[in-house]
Amino acid sequence: MLSISAEDFLCWQKKQLSKGGDQQSFAVLLDCIGGVTTSDLKLISINPEGILHLKRNLEFLESLWEEHLFKSCPIQYLCGITFWRDLKLKVTNKVLIPRPETELIVDIVFNIFRKKSEKLFFAELGTGSGAISIALALAYPLSEGVATDIDQDALEIATKNYINSSEQSNLKFYCGNWWSPLESFKGKLDLAISNPPYIPRNTYEKLPKEVKNFEPKVALLGGEDGLKHIKEIIQKAPIFLKKRGWLILENHFDQSEKVKQLLLKNKFTSIEIVKDLSGIGRFTIGRYK
Ligand SMILES: C[S@@+](CC[C@H](N)C(=O)[O-])C[C@H]1O[C@@H](n2cnc3c(N)ncnc32)[C@H](O)[C@@H]1O
């Protein structure tokens with residue numbers, strides 16, 4: 001541990017923030033790499049005479065901050081960590097950084113399956129860092145979950161995140177294309193969830209460089225119209241869901257109506273478009289017959 005006067009630290013912090021970036025990203029850097037929590041920061045703002053203890057020196061923290069600012073590298077990849085709901089998850093550039101709006105998927109499930117003692121059998125397709133599946137496996141300890149991804153590196157990270165977040169053993173990981181690793185679970189799922197790659201090609205080409213240059217293309221690009229993977233998931237879902245089983249999909253801001261039509265065409269009922277906190281129809285959900 002390195003010690004520094006609060007006064008020197010506050011002066012250094014002001015200088016770093018004057019270079020650009022936002023306070024929240026800076027706080028993530030300080031917490032994850034510097035070992036300085038938001039409560040430490042509050043304490044020194046009340047008592048600037050105090051002493052602060054750091055896990056890494058200021059030069060190292062400054063070099064990461066500048067890499068974030070000047071190369072547009074997401075702070076979460078530089079720190080190797082992101083916070084999502086109440087989880088602290090390891091992330092590398094092999095997985096998408098789970099987004100705040102996706103947190104709502106878990107609340108949608110809570111609204112459908114209200115008893116935490118439910119013995120659900122759920123699947124998540126395209127688990128990435130494992131965020132959604134881990135949150136569900138923890139919230140429904142009697143449930144069994146299966147999480148898939150096409151990328152073995154992503155699954156290794158998801159598995160580590162599960163082990164770090166839980167002492168349970170109700171979540172298993174499988175590698176392969178969408179439903180294909182789940183052949184033995186046909187007709188058995190109460191619930192399937194996916195936040196698949198749904199960005200249309202033209203939009204993908206114009207994404208901000210902190211996304212396009214760093215996050216995995218396989219996690220973002222949804223073919224020409226963005227609906228390639230969503231179509232495949234919906235078409236095969238009836239084979240894997242139980243009668244009255246639920247499918248919950250995240251989609252791009254303007255895809256909900258099209259996703260709804262795809263669900264109707266594939267004999268889903270109780271279809272609903274759920275808005276995110278910005279009022280965007282971000283999720284489309286339905287029940288198989
Ligand atoms: C938008 S990311 C979602 C990651 C995570 N579920 C989340 O919400 O943060 C989509 C995920 O789908 C995976 N994926 C892409 N194509 C796939 C396919 N054909 N079969 C299975 N998974 C796929 C990607 O590797 C990526 O992890």
# chains A, B, ... in the order shown; residues from 1 in each chain; ligands from 1
>>> closest_atom_pairs(of="chain A", to="ligand 1", cutoff="7 Å", atoms="only C-alpha atoms and all ligand atoms", output="tab-separated table")
residue	atom	partner	partner_atom_place_in_ligand_line	distance
A:Val95	CA	ligand 1	27 (O)	5.8
A:Leu96	CA	ligand 1	9 (O)	5.6
A:Ile97	CA	ligand 1	9 (O)	5.9
A:Pro98	CA	ligand 1	9 (O)	3.6
A:Arg99	CA	ligand 1	9 (O)	6.2
A:Thr102	CA	ligand 1	8 (O)	6.0
A:Leu125	CA	ligand 1	22 (N)	6.0
A:Gly126	CA	ligand 1	12 (O)	3.4
A:Thr127	CA	ligand 1	6 (N)	3.8
A:Gly128	CA	ligand 1	27 (O)	3.3
A:Ser129	CA	ligand 1	5 (C)	5.9
A:Gly130	CA	ligand 1	6 (N)	6.3
A:Ala131	CA	ligand 1	9 (O)	6.2
A:Ile132	CA	ligand 1	6 (N)	6.2
A:Thr148	CA	ligand 1	21 (C)	6.1
A:Asp149	CA	ligand 1	22 (N)	3.8
A:Ile150	CA	ligand 1	21 (C)	4.0
A:Asp151	CA	ligand 1	25 (O)	5.1
A:Ala154	CA	ligand 1	27 (O)	6.3
A:Gly176	CA	ligand 1	21 (C)	5.7
A:Asn177	CA	ligand 1	20 (N)	3.5
A:Trp178	CA	ligand 1	20 (N)	3.8
A:Ser194	CA	ligand 1	6 (N)	6.5
A:Asn195	CA	ligand 1	3 (C)	4.9
A:Pro196	CA	ligand 1	10 (C)	4.3
A:Pro197	CA	ligand 1	1 (C)	4.5
A:Val218	CA	ligand 1	15 (C)	5.0
A:Ala219	CA	ligand 1	26 (C)	3.8
A:Leu220	CA	ligand 1	1 (C)	5.5
A:His229	CA	ligand 1	19 (N)	7.0
>>> residues_around(residues="Lys88 in chain A", least_positions_apart="2", cutoff="10 Å", atoms="only C-alpha atoms", output="VMD selection string")
chain A and resid 81 to 86 90 to 91 131 161 164 to 165
>>> write_last_selection(atoms="N, CA and C atoms", output="short mmCIF file (atom, residue, chain, number, x, y, z; two decimals), in the first residue's frame")
data_model
loop_
_atom_site.label_atom_id
_atom_site.label_comp_id
_atom_site.auth_asym_id
_atom_site.auth_seq_id
_atom_site.Cartn_x
_atom_site.Cartn_y
_atom_site.Cartn_z
N ILE A 81 -12.81 -5.18 -14.99
CA ILE A 81 -13.96 -5.37 -14.09
C ILE A 81 -15.12 -4.47 -14.50
N THR A 82 -16.34 -4.98 -14.33
CA THR A 82 -17.50 -4.08 -14.45
C THR A 82 -18.49 -4.40 -13.35
N PHE A 83 -19.33 -3.44 -13.04
CA PHE A 83 -20.37 -3.64 -12.04
C PHE A 83 -21.69 -3.71 -12.77
N TRP A 84 -22.49 -4.71 -12.46
CA TRP A 84 -23.78 -4.90 -13.15
C TRP A 84 -24.76 -5.47 -12.15
N ARG A 85 -25.89 -4.77 -11.98
CA ARG A 85 -26.78 -5.06 -10.85
C ARG A 85 -25.92 -5.12 -9.59
N ASP A 86 -26.05 -6.19 -8.78
CA ASP A 86 -25.19 -6.23 -7.60
C ASP A 86 -23.98 -7.13 -7.81
N LYS A 90 -15.79 -9.98 -13.96
CA LYS A 90 -14.55 -9.86 -14.74
C LYS A 90 -14.94 -9.67 -16.21
N VAL A 91 -14.30 -8.72 -16.88
CA VAL A 91 -14.51 -8.57 -18.32
C VAL A 91 -13.17 -8.38 -19.03
N ALA A 131 -23.52 -12.38 -17.11
CA ALA A 131 -24.26 -11.48 -16.22
C ALA A 131 -25.71 -11.92 -15.95
N ASN A 161 -16.77 -15.91 -13.60
CA ASN A 161 -17.67 -14.97 -12.92
C ASN A 161 -18.67 -15.71 -12.04
N ASN A 164 -16.87 -16.93 -8.96
CA ASN A 164 -16.56 -15.82 -8.05
C ASN A 164 -17.79 -15.25 -7.36
N SER A 165 -18.97 -15.40 -8.00
CA SER A 165 -20.17 -14.74 -7.44
C SER A 165 -21.01 -15.68 -6.58
#
>>> closest_residue(among="A:Gln255, A:Ser18, A:Gln76, A:Asn93", to="Gly281 in chain A", atoms="only C-alpha atoms")
A:Gln255
>>> residues_around(residues="range 236-244 of chain A", least_positions_apart="2", cutoff="12 Å", atoms="only C-alpha atoms", output="ChimeraX atom specification")
/A:120-125,177-194,229-234,246-249,262-271,286-289
>>> select_by_dssp(residues="range 16-172 of chain A", states="alpha helix (DSSP H)", output="PyMOL selection string")
chain A and resi 16-18+23-29+38-46+58-71+75-79+103-112+131-139+152-165
>>> atom_distance(atom1="CA of Gly222 in chain A", atom2="CA of Tyr198 in chain A")
4.1 Å
>>> atom_distance(atom1="CA of Glu210 in chain A", atom2="CA of Gln23 in chain A")
17.2 Å
>>> residues_around(residues="Ile4 in chain A", least_positions_apart="4", cutoff="7 Å", atoms="only C-alpha atoms", output="list in words")
Asp8, Phe9, Ile51, Leu52 and His53 of chain A
>>> residues_around(residues="Cys32 in chain A", least_positions_apart="4", cutoff="12 Å", atoms="only C-alpha atoms", output="PyMOL selection string")
chain A and resi 25-28+36-38+54-56+61+64+75-83+88-90
>>> select_by_dssp(residues="range 117-251 of chain A", states="strand (DSSP E or B)", output="PyMOL selection string")
chain A and resi 121-125+144-149+171-175+189-194+199+221+241-250
>>> write_last_selection(atoms="N, CA, C and O atoms", output="CSV table (one decimal), in the first residue's frame")
chain,number,residue,atom,x,y,z
A,121,PHE,N,-36.5,-24.0,-15.0
A,121,PHE,CA,-35.4,-24.5,-15.8
A,121,PHE,C,-35.3,-23.4,-16.9
A,121,PHE,O,-36.2,-23.2,-17.7
A,122,PHE,N,-34.2,-22.7,-16.9
A,122,PHE,CA,-34.0,-21.6,-17.8
A,122,PHE,C,-32.8,-21.7,-18.7
A,122,PHE,O,-31.8,-22.4,-18.3
A,123,ALA,N,-32.8,-21.1,-19.8
A,123,ALA,CA,-31.6,-21.0,-20.7
A,123,ALA,C,-31.3,-19.6,-21.1
A,123,ALA,O,-32.3,-18.8,-21.3
A,124,GLU,N,-30.0,-19.3,-21.1
A,124,GLU,CA,-29.7,-18.0,-21.7
A,124,GLU,C,-28.8,-18.3,-22.9
A,124,GLU,O,-27.8,-19.0,-22.9
A,125,LEU,N,-29.2,-17.7,-24.1
A,125,LEU,CA,-28.4,-17.9,-25.3
A,125,LEU,C,-27.6,-16.7,-25.6
A,125,LEU,O,-28.1,-15.6,-25.7
A,144,GLU,N,-32.6,-24.4,-12.2
A,144,GLU,CA,-31.4,-24.9,-13.0
A,144,GLU,C,-31.3,-24.1,-14.2
A,144,GLU,O,-32.3,-23.8,-14.9
A,145,GLY,N,-30.1,-23.6,-14.5
A,145,GLY,CA,-29.9,-22.8,-15.7
A,145,GLY,C,-28.8,-23.4,-16.6
A,145,GLY,O,-27.9,-24.0,-16.2
A,146,VAL,N,-29.0,-23.1,-17.9
A,146,VAL,CA,-28.0,-23.4,-18.9
A,146,VAL,C,-27.7,-22.2,-19.7
A,146,VAL,O,-28.6,-21.4,-20.1
A,147,ALA,N,-26.4,-21.9,-19.9
A,147,ALA,CA,-26.0,-20.7,-20.6
A,147,ALA,C,-25.1,-21.0,-21.7
A,147,ALA,O,-24.2,-21.8,-21.5
A,148,THR,N,-25.4,-20.5,-22.9
A,148,THR,CA,-24.6,-20.9,-24.1
A,148,THR,C,-23.9,-19.7,-24.7
A,148,THR,O,-24.3,-18.5,-24.5
A,149,ASP,N,-22.8,-20.0,-25.4
A,149,ASP,CA,-22.2,-18.9,-26.2
A,149,ASP,C,-21.4,-19.6,-27.3
A,149,ASP,O,-21.0,-20.8,-27.2
A,171,LEU,N,-25.9,-23.6,-12.4
A,171,LEU,CA,-25.8,-23.0,-13.7
A,171,LEU,C,-24.6,-23.8,-14.5
A,171,LEU,O,-23.6,-23.9,-13.9
A,172,LYS,N,-25.0,-24.2,-15.7
A,172,LYS,CA,-24.0,-24.9,-16.5
A,172,LYS,C,-23.8,-24.1,-17.8
A,172,LYS,O,-24.7,-23.5,-18.3
A,173,PHE,N,-22.6,-24.2,-18.4
A,173,PHE,CA,-22.2,-23.5,-19.6
A,173,PHE,C,-21.9,-24.4,-20.7
A,173,PHE,O,-21.3,-25.5,-20.5
A,174,TYR,N,-22.4,-24.0,-21.9
A,174,TYR,CA,-22.2,-24.9,-23.1
A,174,TYR,C,-21.8,-24.0,-24.3
A,174,TYR,O,-22.3,-22.9,-24.5
A,175,CYS,N,-20.9,-24.5,-25.1
A,175,CYS,CA,-20.4,-23.8,-26.3
A,175,CYS,C,-21.1,-24.3,-27.5
A,175,CYS,O,-21.3,-25.5,-27.7
A,189,LEU,N,-37.8,-26.3,-21.3
A,189,LEU,CA,-37.5,-25.0,-20.7
A,189,LEU,C,-38.7,-24.2,-20.2
A,189,LEU,O,-39.6,-24.1,-21.0
A,190,ASP,N,-38.7,-23.7,-19.0
A,190,ASP,CA,-39.7,-22.7,-18.6
A,190,ASP,C,-39.5,-21.4,-19.2
A,190,ASP,O,-40.4,-20.6,-19.3
A,191,LEU,N,-38.2,-21.1,-19.5
A,191,LEU,CA,-37.9,-19.7,-19.8
A,191,LEU,C,-36.6,-19.7,-20.7
A,191,LEU,O,-35.6,-20.5,-20.3
A,192,ALA,N,-36.6,-18.9,-21.7
A,192,ALA,CA,-35.3,-18.7,-22.5
A,192,ALA,C,-35.1,-17.2,-22.7
A,192,ALA,O,-36.1,-16.5,-22.9
A,193,ILE,N,-33.9,-16.8,-22.5
A,193,ILE,CA,-33.6,-15.4,-22.5
A,193,ILE,C,-32.5,-15.2,-23.5
A,193,ILE,O,-31.5,-16.0,-23.5
A,194,SER,N,-32.5,-14.1,-24.3
A,194,SER,CA,-31.3,-13.8,-25.0
A,194,SER,C,-31.2,-12.3,-25.3
A,194,SER,O,-32.2,-11.6,-25.6
A,199,ILE,N,-27.2,-5.4,-33.9
A,199,ILE,CA,-26.9,-4.2,-34.6
A,199,ILE,C,-26.9,-4.4,-36.1
A,199,ILE,O,-26.2,-5.3,-36.6
A,221,LEU,N,-22.9,-7.5,-34.1
A,221,LEU,CA,-23.4,-7.5,-35.4
A,221,LEU,C,-24.5,-8.5,-35.6
A,221,LEU,O,-24.3,-9.7,-35.5
A,241,LEU,N,-38.9,-24.8,-25.7
A,241,LEU,CA,-39.7,-24.3,-24.6
A,241,LEU,C,-40.8,-25.4,-24.2
A,241,LEU,O,-41.3,-26.1,-25.1
A,242,LYS,N,-41.1,-25.4,-22.9
A,242,LYS,CA,-42.3,-26.1,-22.5
A,242,LYS,C,-43.5,-25.4,-23.0
A,242,LYS,O,-43.5,-24.3,-23.4
A,243,LYS,N,-44.6,-26.1,-23.0
A,243,LYS,CA,-45.9,-25.5,-23.4
A,243,LYS,C,-46.1,-24.3,-22.4
A,243,LYS,O,-45.9,-24.5,-21.2
A,244,ARG,N,-46.4,-23.1,-22.9
A,244,ARG,CA,-46.6,-21.9,-22.1
A,244,ARG,C,-45.2,-21.3,-21.5
A,244,ARG,O,-45.2,-20.5,-20.7
A,245,GLY,N,-44.1,-21.8,-22.1
A,245,GLY,CA,-42.8,-21.3,-21.7
A,245,GLY,C,-42.6,-19.9,-22.2
A,245,GLY,O,-43.2,-19.6,-23.3
A,246,TRP,N,-41.8,-19.2,-21.6
A,246,TRP,CA,-41.5,-17.8,-22.0
A,246,TRP,C,-40.2,-17.6,-22.8
A,246,TRP,O,-39.2,-18.2,-22.5
A,247,LEU,N,-40.3,-16.6,-23.7
A,247,LEU,CA,-39.1,-16.2,-24.4
A,247,LEU,C,-38.9,-14.7,-24.2
A,247,LEU,O,-39.9,-13.9,-24.4
A,248,ILE,N,-37.8,-14.3,-23.7
A,248,ILE,CA,-37.5,-12.9,-23.5
A,248,ILE,C,-36.3,-12.4,-24.3
A,248,ILE,O,-35.2,-13.0,-24.2
A,249,LEU,N,-36.5,-11.5,-25.2
A,249,LEU,CA,-35.4,-11.0,-26.1
A,249,LEU,C,-35.2,-9.5,-25.9
A,249,LEU,O,-36.1,-8.7,-25.7
A,250,GLU,N,-33.9,-9.2,-25.9
A,250,GLU,CA,-33.5,-7.8,-26.0
A,250,GLU,C,-33.3,-7.5,-27.5
A,250,GLU,O,-32.9,-8.3,-28.2
>>> closest_residue(among="A:Lys275, A:Cys11, A:Ile134, A:Phe283", to="Lys160 in chain A", atoms="only C-alpha atoms")
A:Ile134
>>> atom_distance(atom1="CA of Phe253 in chain A", atom2="CA of Ile280 in chain A")
5.9 Å
>>> closest_residue(among="A:Ala6, A:Lys116, A:Ser72, A:Ala135", to="Leu43 in chain A", atoms="only C-alpha atoms")
A:Ala6
>>> closest_residue(among="A:Pro74, A:Gly50, A:Gly21, A:Pro100", to="Asp276 in chain A", atoms="only C-alpha atoms")
A:Pro100
